[in-house]
Amino acid sequence: MFKFLIILVYLVVPTTCACTLPVSWDGQWWDSGSWDLTFSHSTQTLTGWRFQVYSSVITDWTCVNQNSSNYLLFRANQYLSVFGADYVAYRCVRYVQLTENSYYYYILADENWGSNYARYHPRALVVVSDSLSDSCQPTNGPSAEEYNVLIKKGYESSVKQWCPIPLLGTFSYTHYNEGVTRCGAGSVVSACPDWTELRFKYSQCPTTQVFSASGIVQCVTSIEYNSTIYTTVFNPDTVTDTTNYDKFTCLAISKVGKMLYISDAKGSCVKGQTATVKTNTGSGTLVLSTYS
Ligand SMILES: *[C@@H]1O[C@H](CO)[C@@H](O)[C@H](O)[C@H]1NC(C)=O
Ligand SMILES: *[C@@H]1O[C@H](CO)[C@@H](O)[C@H](O)[C@H]1NC(C)=O
């Protein structure tokens with residue numbers, strides 16, 4: 001009887017630390033880090049964080065643990081197979097709610113050079129553990145600018161926030177991209193009249209900005225770190241050409257005297273992004289001065 005109980009407890013324990021994802025998360029989201037995510041409360045799953053390591057592909061995850069500090073631990077439903085050994089990938093996140101239908105989150109895991117520096121925690125099958133303390137404490141975790149943004153599909157227009165204070169105005173801008181200089185005198189970008197949208201006037205200078213075909217994007221959130229403001233903007237347009245356009249752009253902004261320096265990155269901000277250096281995923285850098 002005693003033995004039987006122990007076995008029963010052993011079998012039952014893993015399910016007691018499962019998650020309860022909010023019902024309101026059910027459905028599809030825009031994710032600045034990986035385009036599309038789908039949450040299902042009935043299966044406690046997330047679909048859309050995709051990695052490939054050699055021939056193993058991971059796309060589906062089950063939430064296996066959480067705590068009241070907004071940590072969630074996801075375990076991949078597919079194994080990673082590396083040189084004949086199987087691993088289980090874990091992804092721990094800490095999220096912060098911005099509005100009813102938008103969040104930002106950090107992935108608390110080390111980078112994996114074998115999968116394009118994606119952050120997740122691979123564990124050998126003999127040491128799998130669904131505990132938060134085993135998979136949420138990376139050695140080299142994300143820096144402040146490495147946040148990702150989630151916006152619930154269907155609620156895009158309700159998640160606009162004020163653009164950061166230095167951008168609240170009307171500016172002319174010069175765009176620099178590997179020795180090519182565009183726009184300048186007569187160009188116009190403005191956060192007016194509502195302070196929640198940036199509008200690049202393509203009639204004045206047609207060079208594509210912030211990966212937007214219309215030049216109008218919504219401010220979603222801003223985080224200040226190391227004297228730089230990292231602002232995520234959302235593109236409400238339908239995007240089919242994902243090479244030239246994107247749903248999200250991160251702007252690293254710094255103010256020097258009367259000038260604003262900005263670098264962009266497609267999707268989420270890039271690790272170590274600074275305002276004056278073009279990123280690998282960016283279109284270049286901008287210098288803004290107050291429009292006169
Ligand atoms: C939640 O888990 C994280 C990671 O293990 C830990 O740092 C934090 O203190 C936990 N919060 C609570 C309320 O237990
Ligand atoms: C802080 O910003 C400066 C200049 O923008 C950059 O050179 C430096 O690497 C940054 N430091 C950190 C810790 O990100």
# chains A, B, ... in the order shown; residues from 1 in each chain; ligands from 1

call {"tool": "residues_near_ligand", "arguments": {"ligand": "ligand 2", "cutoff": "12 Å", "atoms": "only C-alpha atoms and all ligand atoms", "output": "PyMOL selection string"}}
result
chain A and resi 142-146+224-230+252-256+261-263+270-277

call {"tool": "closest_atom_pairs", "arguments": {"of": "chain A", "to": "ligand 1", "cutoff": "6 Å", "atoms": "only C-alpha atoms and all ligand atoms", "output": "Markdown table"}}
result
| residue | atom | partner | partner_atom_place_in_ligand_line | distance |
| --- | --- | --- | --- | --- |
| A:Asn67 | CA | ligand 1 | 1 (C) | 5.1 |
| A:Ser68 | CA | ligand 1 | 13 (C) | 4.9 |
| A:Ser69 | CA | ligand 1 | 11 (N) | 4.7 |
| A:Tyr71 | CA | ligand 1 | 1 (C) | 5.7 |
| A:Leu132 | CA | ligand 1 | 5 (O) | 4.5 |
| A:Ser133 | CA | ligand 1 | 5 (O) | 3.9 |
| A:Cys136 | CA | ligand 1 | 4 (C) | 5.1 |

call {"tool": "write_last_selection", "arguments": {"atoms": "C-alpha atoms", "output": "JSON list (two decimals), in the first residue's frame"}}
result
[["chain", "number", "residue", "atom", "x", "y", "z"],
["A", 67, "ASN", "CA", 4.64, 31.62, -10.36],
["A", 68, "SER", "CA", 3.07, 34.82, -9.09],
["A", 69, "SER", "CA", 5.99, 36.98, -10.31],
["A", 71, "TYR", "CA", 7.26, 33.71, -14.74],
["A", 132, "LEU", "CA", 11.46, 27.31, -12.46],
["A", 133, "SER", "CA", 14.72, 27.50, -10.55],
["A", 136, "CYS", "CA", 14.86, 30.47, -15.33]]

call {"tool": "residues_around", "arguments": {"residues": "Tyr147 of chain A", "least_positions_apart": "3", "cutoff": "8 Å", "atoms": "only C-alpha atoms", "output": "MDAnalysis selection string"}}
result
chainID A and resid 104:107 142 144 268:269

call {"tool": "closest_residue", "arguments": {"among": "A:Asn177, A:Ser81, A:Thr231, A:Ser55", "to": "Val287 of chain A", "atoms": "only C-alpha atoms"}}
result
A:Asn177

call {"tool": "residues_around", "arguments": {"residues": "Val239 of chain A", "least_positions_apart": "6", "cutoff": "9 Å", "atoms": "only C-alpha atoms", "output": "ChimeraX atom specification"}}
result
/A:212-213,245-247

call {"tool": "atom_distance", "arguments": {"atom1": "atom CA of Val88 of chain A", "atom2": "atom CA of Val127 of chain A"}}
result
9.4 Å

call {"tool": "closest_residue", "arguments": {"among": "A:Val210, A:Trp162, A:Val220, A:Gly114", "to": "Cys192 of chain A", "atoms": "only C-alpha atoms"}}
result
A:Trp162

call {"tool": "select_by_dssp", "arguments": {"residues": "segment 177-224 of chain A", "states": "strand (DSSP E)", "output": "NGL selection string"}}
result
:A and (177 or 180-190 or 197-200 or 216-224)

call {"tool": "residues_around", "arguments": {"residues": "segment 159-161 of chain A", "least_positions_apart": "3", "cutoff": "6 Å", "atoms": "only C-alpha atoms", "output": "PyMOL selection string"}}
result
chain A and resi 156+196+218-220

call {"tool": "select_by_dssp", "arguments": {"residues": "segment 85-286 of chain A", "states": "alpha helix (DSSP H)", "output": "ChimeraX atom specification"}}
result
/A:132-135

call {"tool": "atom_distance", "arguments": {"atom1": "atom CA of Trp49 of chain A", "atom2": "atom CA of Val233 of chain A"}}
result
20.8 Å

call {"tool": "closest_residue", "arguments": {"among": "A:Ser24, A:Ser187, A:Thr62, A:Asn112", "to": "Gln44 of chain A", "atoms": "only C-alpha atoms"}}
result
A:Thr62
